[in-house]
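To be precise, the following lines are entry-v2.txt, and they hold compact mmCIF, C-alpha atoms.
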# COMPACT_ATOMS: atom_id res chain seq x y z
CA MET A 15 11.23 -4.50 60.50
CA SER A 16 11.50 -4.12 56.71
CA GLY A 17 8.62 -3.43 54.33
CA PRO A 18 5.63 -1.12 54.63
CA ILE A 19 4.53 0.06 58.06
CA PRO A 20 1.36 -1.84 59.09
CA SER A 21 -1.83 0.13 59.58
CA ILE A 22 -2.70 -1.67 62.84
CA SER A 23 -0.91 -4.04 65.19
CA VAL A 24 -2.91 -6.66 67.08
CA VAL A 25 -1.42 -7.79 70.41
CA VAL A 26 -2.52 -11.26 71.57
CA PRO A 27 -1.13 -12.36 74.97
CA THR A 28 -1.39 -16.09 75.62
CA LEU A 29 -0.55 -18.71 78.23
CA ASN A 30 -1.57 -22.30 77.52
CA ALA A 31 -4.69 -21.15 75.67
CA GLY A 32 -5.00 -24.39 73.70
CA ASP A 33 -7.38 -24.31 70.75
CA TYR A 34 -8.89 -21.03 71.97
CA LEU A 35 -5.83 -19.24 70.58
CA GLU A 36 -6.38 -20.54 67.05
CA VAL A 37 -10.02 -19.43 67.10
CA ALA A 38 -9.02 -15.96 68.34
CA LEU A 39 -6.36 -15.59 65.65
CA ARG A 40 -8.74 -16.71 62.90
CA SER A 41 -11.18 -14.02 64.02
CA ALA A 42 -8.43 -11.41 63.74
CA ILE A 43 -7.21 -12.56 60.33
CA ALA A 44 -10.82 -12.58 59.09
CA GLN A 45 -10.98 -8.80 59.62
CA GLU A 46 -9.35 -8.44 56.18
CA VAL A 47 -7.65 -5.19 57.11
CA SER A 48 -4.69 -4.34 54.90
CA GLY A 49 -1.42 -3.94 56.76
CA LEU A 50 -2.50 -6.10 59.72
CA GLU A 51 0.36 -7.04 62.07
CA LEU A 52 -0.41 -9.99 64.39
CA ILE A 53 1.80 -10.24 67.48
CA VAL A 54 1.38 -13.25 69.77
CA VAL A 55 3.05 -12.74 73.15
CA ASP A 56 3.71 -16.16 74.69
CA ASP A 57 3.97 -15.87 78.48
CA GLY A 58 5.53 -19.33 78.89
CA SER A 59 3.05 -21.74 77.27
CA THR A 60 3.83 -25.47 77.57
CA ASP A 61 0.83 -26.86 75.66
CA GLY A 62 2.24 -26.39 72.15
CA SER A 63 -0.56 -24.01 71.15
CA THR A 64 1.72 -21.19 69.99
CA ALA A 65 3.87 -23.53 67.86
CA ARG A 66 0.74 -24.95 66.20
CA CYS A 67 -0.56 -21.47 65.43
CA LYS A 68 2.79 -20.33 64.06
CA ALA A 69 2.80 -23.34 61.72
CA LEU A 70 -0.72 -22.52 60.53
CA HIS A 71 -0.08 -18.78 60.22
CA PRO A 72 3.56 -18.03 59.28
CA CYS A 73 2.73 -14.30 59.25
CA LEU A 74 2.54 -14.25 63.06
CA ARG A 75 5.22 -12.46 65.04
CA MET A 76 6.07 -14.36 68.22
CA VAL A 77 7.32 -12.44 71.27
CA ARG A 78 8.38 -13.46 74.79
CA PRO A 79 7.74 -10.94 77.59
CA ALA A 80 10.54 -9.87 79.91
CA THR A 81 8.04 -9.48 82.77
CA PRO A 82 5.59 -12.35 83.47
CA GLY A 83 1.87 -11.73 83.74
CA ILE A 84 -0.82 -10.29 81.51
CA ALA A 85 0.34 -6.67 81.88
CA GLY A 86 3.93 -7.60 81.06
CA ALA A 87 2.75 -9.57 78.04
CA ARG A 88 0.69 -6.70 76.66
CA ASN A 89 3.54 -4.28 77.29
CA ALA A 90 5.93 -6.56 75.37
CA GLY A 91 3.47 -6.66 72.47
CA ILE A 92 3.21 -2.87 72.42
CA ALA A 93 6.99 -2.56 72.41
CA ALA A 94 7.26 -5.03 69.50
CA SER A 95 4.48 -3.41 67.45
CA SER A 96 5.13 -1.21 64.44
CA ALA A 97 1.80 0.48 63.68
CA GLU A 98 0.36 3.74 64.94
CA LEU A 99 -2.84 1.93 65.95
CA ILE A 100 -2.68 -0.96 68.44
CA ALA A 101 -5.54 -3.35 69.16
CA PHE A 102 -5.78 -5.96 71.91
CA LEU A 103 -7.28 -9.44 71.70
CA ASP A 104 -7.08 -11.97 74.53
CA ALA A 105 -6.32 -15.52 73.45
CA ASP A 106 -9.69 -16.93 74.55
CA ASP A 107 -11.86 -14.16 73.06
CA VAL A 108 -13.26 -13.66 69.56
CA TRP A 109 -13.70 -10.69 67.24
CA LEU A 110 -16.76 -10.43 65.04
CA PRO A 111 -16.53 -9.52 61.32
CA GLY A 112 -16.06 -5.82 60.62
CA LYS A 113 -14.74 -4.91 64.09
CA LEU A 114 -11.50 -3.26 63.02
CA HIS A 115 -13.04 -1.54 59.99
CA ALA A 116 -15.70 0.08 62.20
CA GLN A 117 -13.21 1.29 64.81
CA ILE A 118 -10.56 2.51 62.37
CA ALA A 119 -13.25 4.50 60.55
CA LEU A 120 -14.54 6.00 63.83
CA LEU A 121 -11.04 7.01 64.89
CA GLY A 122 -10.57 8.60 61.47
CA ARG A 123 -13.64 10.76 62.09
CA HIS A 124 -12.43 11.73 65.58
CA PRO A 125 -8.72 12.65 65.43
CA GLU A 126 -9.00 14.17 68.90
CA ALA A 127 -9.69 10.73 70.44
CA ARG A 128 -6.86 8.35 71.18
CA LEU A 129 -8.79 5.34 72.45
CA CYS A 130 -11.76 3.54 70.95
CA TYR A 131 -13.68 0.57 72.31
CA ALA A 132 -16.85 -1.30 71.36
CA GLY A 133 -19.79 -3.23 72.68
CA TRP A 134 -19.44 -6.94 73.32
CA SER A 135 -21.34 -10.04 74.33
CA GLU A 136 -20.41 -12.67 76.90
CA PHE A 137 -20.69 -16.37 76.21
CA GLN A 138 -19.94 -19.38 78.40
CA SER A 139 -18.12 -22.16 76.58
CA GLU A 140 -15.29 -24.61 77.16
CA VAL A 141 -15.49 -25.56 73.48
CA ALA A 142 -13.05 -23.65 71.30
CA ASP A 143 -15.52 -23.02 68.47
CA PRO A 144 -19.14 -23.19 69.72
CA GLY A 145 -20.61 -21.95 66.42
CA ASP A 146 -24.18 -20.68 66.45
CA SER A 147 -24.13 -19.83 70.16
CA TRP A 148 -22.00 -16.81 69.26
CA ARG A 149 -24.71 -15.34 67.04
CA SER A 150 -27.43 -15.78 69.64
CA SER A 151 -25.27 -14.17 72.34
CA VAL A 152 -24.59 -11.20 70.05
CA ALA A 153 -28.32 -10.77 69.46
CA ASP A 154 -28.86 -10.72 73.25
CA ALA A 155 -26.13 -8.10 73.66
CA ALA A 156 -27.60 -5.94 70.91
CA ARG A 157 -30.96 -5.86 72.72
CA LEU A 158 -29.21 -4.93 75.98
CA LEU A 159 -27.14 -2.20 74.36
CA ASN A 160 -30.27 -0.67 72.84
CA ARG A 161 -31.44 -0.07 76.41
CA ASN A 162 -28.04 0.90 77.78
CA PRO A 163 -25.80 2.66 75.23
CA VAL A 164 -22.10 2.36 76.05
CA PRO A 165 -20.54 5.52 77.57
CA ALA A 166 -18.39 7.69 75.32
CA GLY A 167 -16.54 11.00 75.57
CA TRP A 168 -14.82 12.18 78.74
CA ILE A 169 -15.95 9.13 80.71
CA TYR A 170 -13.83 9.33 83.86
CA PRO A 171 -16.96 9.70 86.09
CA GLU A 172 -18.56 6.65 84.44
CA LEU A 173 -15.38 4.60 84.84
CA LEU A 174 -15.32 5.30 88.57
CA LEU A 175 -18.61 3.39 88.77
CA ASP A 176 -17.83 0.55 86.39
CA SER A 177 -15.03 -0.73 84.16
CA CYS A 178 -17.18 -0.33 81.07
CA VAL A 179 -14.23 -0.61 78.65
CA TRP A 180 -13.27 -4.20 77.78
CA THR A 181 -9.73 -4.87 76.61
CA SER A 182 -10.49 -7.17 73.68
CA THR A 183 -12.47 -4.36 72.04
CA VAL A 184 -9.87 -1.61 72.49
CA VAL A 185 -7.94 0.17 69.72
CA VAL A 186 -5.37 2.76 70.89
CA ARG A 187 -3.28 5.37 69.14
CA ARG A 188 0.34 4.59 70.02
CA GLU A 189 0.99 8.17 71.15
CA LEU A 190 -1.32 7.65 74.13
CA PHE A 191 1.17 5.27 75.75
CA ASP A 192 3.90 7.90 75.39
CA GLU A 193 1.82 10.21 77.58
CA ILE A 194 0.30 7.92 80.22
CA GLY A 195 2.64 4.93 80.25
CA LEU A 196 1.92 1.23 79.77
CA PHE A 197 -0.08 -1.37 81.73
CA ASP A 198 0.89 -1.53 85.41
CA ALA A 199 2.82 -4.82 85.73
CA SER A 200 2.37 -4.79 89.53
CA LEU A 201 -1.34 -5.58 89.06
CA PRO A 202 -2.09 -9.26 88.28
CA VAL A 203 -5.66 -8.23 87.45
CA GLY A 204 -7.27 -4.82 87.04
CA GLU A 205 -4.28 -3.59 85.03
CA ASP A 206 -6.61 -2.77 82.13
CA TYR A 207 -9.10 -0.89 84.36
CA ASP A 208 -6.21 1.15 85.73
CA LEU A 209 -5.06 2.07 82.21
CA TRP A 210 -8.54 3.13 81.05
CA LEU A 211 -8.87 5.40 84.10
CA ARG A 212 -5.51 7.01 83.32
CA ALA A 213 -6.48 7.36 79.65
CA SER A 214 -9.79 8.99 80.56
CA ARG A 215 -7.87 11.86 82.17
CA VAL A 216 -6.15 12.90 78.92
CA THR A 217 -8.40 11.88 76.01
CA PRO A 218 -12.05 11.46 75.12
CA ILE A 219 -12.83 7.76 74.72
CA ILE A 220 -15.03 6.98 71.73
CA ALA A 221 -17.09 3.85 71.23
CA VAL A 222 -19.02 1.72 68.76
CA SER A 223 -22.12 0.61 70.67
CA GLN A 224 -22.69 -2.35 68.37
CA PRO A 225 -21.31 -5.63 69.81
CA LEU A 226 -18.10 -6.33 67.89
CA ALA A 227 -16.48 -9.01 70.05
CA LEU A 228 -17.26 -12.02 72.20
CA TYR A 229 -15.98 -12.39 75.74
CA ARG A 230 -15.51 -16.06 76.57
CA LYS A 231 -16.16 -17.21 80.13
CA HIS A 232 -14.71 -20.58 81.05
CA SER A 233 -13.31 -22.45 84.04
CA ALA A 234 -9.65 -21.60 83.35
CA SER A 235 -10.26 -17.86 82.97
CA THR A 236 -8.12 -15.58 85.14
CA THR A 237 -11.29 -13.84 86.30
CA SER A 238 -12.41 -17.09 87.98
CA ILE A 239 -9.35 -17.16 90.29
CA VAL A 240 -10.01 -16.14 93.91
CA ARG A 241 -7.27 -13.71 95.00
CA ASP A 242 -6.50 -12.36 98.46
CA THR A 243 -6.42 -8.72 97.30
CA CYS A 244 -9.41 -6.80 95.94
CA PHE A 245 -7.62 -5.25 92.97
CA GLN A 246 -10.77 -3.69 91.52
CA ALA A 247 -11.30 -1.66 94.68
CA LEU A 248 -7.59 -0.84 94.84
CA VAL A 249 -7.67 0.62 91.31
CA VAL A 250 -10.76 2.77 91.99
CA GLU A 251 -9.52 3.97 95.38
CA ARG A 252 -6.15 4.89 93.87
CA ALA A 253 -7.89 6.92 91.15
CA LEU A 254 -10.02 8.73 93.73
CA GLN A 255 -6.95 9.61 95.79
CA ARG A 256 -5.19 10.96 92.72
CA TRP A 257 -7.99 12.75 90.85
CA GLY A 258 -11.11 12.78 93.03
CA LEU A 259 -14.60 12.66 91.56
CA THR A 260 -14.30 15.28 88.81
CA GLY A 261 -13.42 14.50 85.20
CA PRO A 262 -11.31 16.69 82.90
CA ASP A 263 -14.48 18.15 81.36
CA GLY A 264 -15.80 19.30 84.74
CA ARG A 265 -18.46 16.60 85.13
CA LYS A 266 -18.48 15.01 88.56
CA ALA A 267 -19.36 11.51 89.63
CA SER A 268 -21.93 11.22 92.41
CA ALA A 269 -20.14 10.61 95.70
CA ALA A 270 -23.04 8.46 96.90
CA ALA A 271 -22.97 6.40 93.70
CA VAL A 272 -19.22 5.87 93.99
CA ARG A 273 -19.60 4.78 97.64
CA ALA A 274 -22.37 2.37 96.62
CA SER A 275 -20.25 0.97 93.81
CA LEU A 276 -17.23 0.47 96.06
CA SER A 277 -19.43 -1.08 98.73
CA GLY A 278 -20.67 -3.57 96.14
CA ILE A 279 -17.12 -4.37 95.02
CA TRP A 280 -16.07 -5.13 98.59
CA ARG A 281 -19.26 -7.11 99.23
CA ARG A 282 -18.68 -9.32 96.17
CA PHE A 283 -15.07 -9.78 97.23
CA ALA A 284 -16.24 -10.78 100.71
CA ALA A 285 -18.69 -13.29 99.24
CA GLY A 286 -15.94 -14.85 97.11
CA GLN A 287 -13.63 -15.13 100.10
CA ALA A 288 -16.39 -16.69 102.21
CA LEU A 289 -17.09 -19.31 99.54
CA ALA A 290 -13.35 -20.05 99.33
CA GLY A 291 -13.24 -20.54 103.11
CA ASN A 292 -11.18 -17.40 103.79
CA ARG A 293 -13.29 -16.20 106.72
CA SER A 294 -10.90 -13.56 108.03
CA LEU A 295 -10.57 -11.86 104.64
CA ALA A 296 -14.33 -12.13 104.15
CA ARG A 297 -15.00 -10.35 107.44
CA GLN A 298 -12.43 -7.62 106.71
CA ALA A 299 -13.92 -6.99 103.25
CA LEU A 300 -17.44 -6.97 104.63
CA LEU A 301 -16.41 -4.37 107.19
CA ARG A 302 -15.09 -2.18 104.35
CA SER A 303 -18.43 -2.58 102.59
CA TRP A 304 -20.37 -1.72 105.77
CA ARG A 305 -18.37 1.45 106.32
CA LEU A 306 -19.23 2.66 102.82
CA GLN A 307 -22.94 1.76 103.11
CA PRO A 308 -23.89 1.15 106.76
CA TRP A 309 -27.56 0.39 106.11
CA ASN A 310 -27.30 -1.77 103.01
CA LEU A 311 -29.55 -4.84 103.37
CA HIS A 312 -27.29 -6.91 101.10
CA ASN A 313 -24.48 -6.35 103.60
CA ALA A 314 -26.72 -7.43 106.45
CA ALA A 315 -27.67 -10.65 104.64
CA LEU A 316 -24.06 -11.43 103.74
CA SER A 317 -22.94 -10.69 107.31
CA TRP A 318 -25.34 -13.33 108.59
CA GLN A 319 -24.09 -15.87 106.04
CA VAL A 320 -20.44 -15.23 106.91
CA LEU A 321 -21.14 -15.44 110.66
CA MET A 322 -23.09 -18.69 110.24
CA ARG A 323 -20.21 -20.26 108.29
CA THR A 324 -17.53 -19.19 110.77

Structure encoded using structure tokens:
Amino acid sequence: MSGPIPSISVVVPTLNAGDYLEVALRSAIAQEVSGLELIVVDDGSTDGSTARCKALHPCLRMVRPATPGIAGARNAGIAASSAELIAFLDADDVWLPGKLHAQIALLGRHPEARLCYAGWSEFQSEVADPGDSWRSSVADAARLLNRNPVPAGWIYPELLLDSCVWTSTVVVRRELFDEIGLFDASLPVGEDYDLWLRASRVTPIIAVSQPLALYRKHSASTTSIVRDTCFQALVVERALQRWGLTGPDGRKASAAAVRASLSGIWRRFAAGQALAGNRSLARQALLRSWRLQPWNLHNAALSWQVLMRT
């Protein structure tokens, strides 16, 4: 690539995102950061959305991943990027004004940190540009974050309990990938959670508590798909087998809290399988939850529901 090296590359994976993609890209361009490199990784779209966006924004770089799936798409974007800082934005999400400025400035003040994330707000919308609902959802998130500041520092123990880092808020120093590798393409979901856990072993993770992005929930979202493997539990259990409960700074997650968290993950998975009619998987997942928390009343209630529907 000729010309000056960009200050930050933005990787946007997409697959038939429709008008959501245009809204996401507009929110990135509106950051007004000099040296912004926008990379759209098209994972096989057939809806014409990437061609429309390329026509509207000739500055976009279009990439096709060698490996299908969200992890493969993000990895292709990283490989194609030119900057030392890499940010991620999913095609159906939205950045708020000032996001990149705030995170670039924070990283500048903390050269020891190689990953920065931010607060966010969820909103439910099938409409590409819902307007004022964004502002109200951000206000709700700000009130929540005042009560529950986002974790920062050596947060491996916190990550064992919850995937508190959200991909569309993340900015990474490129050198981090050289040390820990890329997204795990064998994981159809949970690939981001796995990467944050690996990152938390080698770098402090800094954060802007202020909500700087909007996480769109809609019917076509990959998180709404019922899968026959509990990837969230798989990622946590794999981390525990590899590193245990103790973080690099010596702080240790509560074993009881981790068991309770995993029990809840398996219970929610069981409930999803029961609703989908997958009774055998629901019973197996519920048994996993019971073993972690034998006397949990939520497990007892769900057991009754599963048995009644069998």

Problem - Selected residue, from A:Val25, A:Ala93, A:Leu300, A:Leu129, that lies nearest to A:Cys244 when counting all atoms listed in the file - result: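 Of all the options, A:Leu300 lies closest to A:Cys244.
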
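With atom CA of A:Phe191 on one side and atom CA of A:Leu209 on the other, the separation reads 9.5 Å.
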
Exercise for the section: Take atom CA of A:Ala247 and atom CA of A:Arg282 and report the distance between them in Å, one decimal. Expected result: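 Atom CA of A:Arg282 lies at a distance of 10.7 Å from atom CA of A:Ala247.
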
Exercise for the section: Tell me, in Å to one decimal, how far atom CA of A:Gln287 is from atom CA of A:Arg302. Expected result: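 It comes out at 13.7 Å.
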
Handout entry: Selected residue, from A:Ala288, A:Leu103, A:Leu228, A:Ile220, that lies nearest to A:Gly122 when counting all atoms listed in the file
Key = A:Ile220

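Each of A:Leu110, A:Leu35, A:Ala253, A:Ile100 was checked against A:Ala227 using only C-alpha atoms; the smallest atom-to-atom distance is that of A:Leu110.
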
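Ranking A:Tyr229, A:Leu301, A:Gln255, A:Ala199 by their shortest atom-to-atom distance to A:Ala90, with only C-alpha atoms included, puts A:Ala199 first.
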
When you look at A:Trp280 with a cut-off of 7 Å (counting only C-alpha atoms), what residues show up, excluding the ones that are within fewer than 2 positions of it in the same chain? I need them as a PDB file with C-alpha atoms, keeping the file's coordinate frame.
ATOM      1  CA  LEU A 276     -17.230   0.470  96.060  1.00  0.00           C
ATOM      2  CA  SER A 277     -19.430  -1.080  98.730  1.00  0.00           C
ATOM      3  CA  GLY A 278     -20.670  -3.570  96.140  1.00  0.00           C
ATOM      4  CA  ARG A 282     -18.680  -9.320  96.170  1.00  0.00           C
ATOM      5  CA  PHE A 283     -15.070  -9.780  97.230  1.00  0.00           C
ATOM      6  CA  ALA A 284     -16.240 -10.780 100.710  1.00  0.00           C
ATOM      7  CA  ALA A 299     -13.920  -6.990 103.250  1.00  0.00           C
ATOM      8  CA  LEU A 300     -17.440  -6.970 104.630  1.00  0.00           C
ATOM      9  CA  ARG A 302     -15.090  -2.180 104.350  1.00  0.00           C
ATOM     10  CA  SER A 303     -18.430  -2.580 102.590  1.00  0.00           C
TER      11      SER A 303
END

Exercise for the section: Please determine the residues with any atom at most 6 Å from (9.4, -7.6, 81.2) (coordinates as given in the file, with all atoms listed in the file counting) and report them as a ChimeraX atom specification. Expected result: /A:79-81,86

Problem - For A:Arg230, the nearest of the candidates A:Ala105, A:Cys67, A:Leu99, A:Ala269, counting only C-alpha atoms - result: A:Ala105

Practice task
Counting only C-alpha atoms, figure out which residue out of A:Thr28, A:Ser177, A:Gln117, A:Ser182 gets nearest to A:Ile53.
Solution key: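 Between A:Thr28, A:Ser177, A:Gln117, A:Ser182, the residue approaching A:Ile53 most closely is A:Thr28.
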
For A:Val272: contacts at 8 Å, all atoms listed in the file, fewer than 4 positions along chain excluded, given as a PDB file with C-alpha atoms, in the coordinates of the input:
ATOM      1  CA  LEU A 174     -15.320   5.300  88.570  1.00  0.00           C
ATOM      2  CA  LEU A 175     -18.610   3.390  88.770  1.00  0.00           C
ATOM      3  CA  ALA A 267     -19.360  11.510  89.630  1.00  0.00           C
ATOM      4  CA  SER A 268     -21.930  11.220  92.410  1.00  0.00           C
ATOM      5  CA  LEU A 276     -17.230   0.470  96.060  1.00  0.00           C
TER       6      LEU A 276
END

Handout entry: Contacts of A:Phe197 at 8 Å (all atoms listed in the file; same-chain gap of 5+ positions) as a PyMOL selection string
Key = chain A and resi 85-86+88-89+205-206+208-209
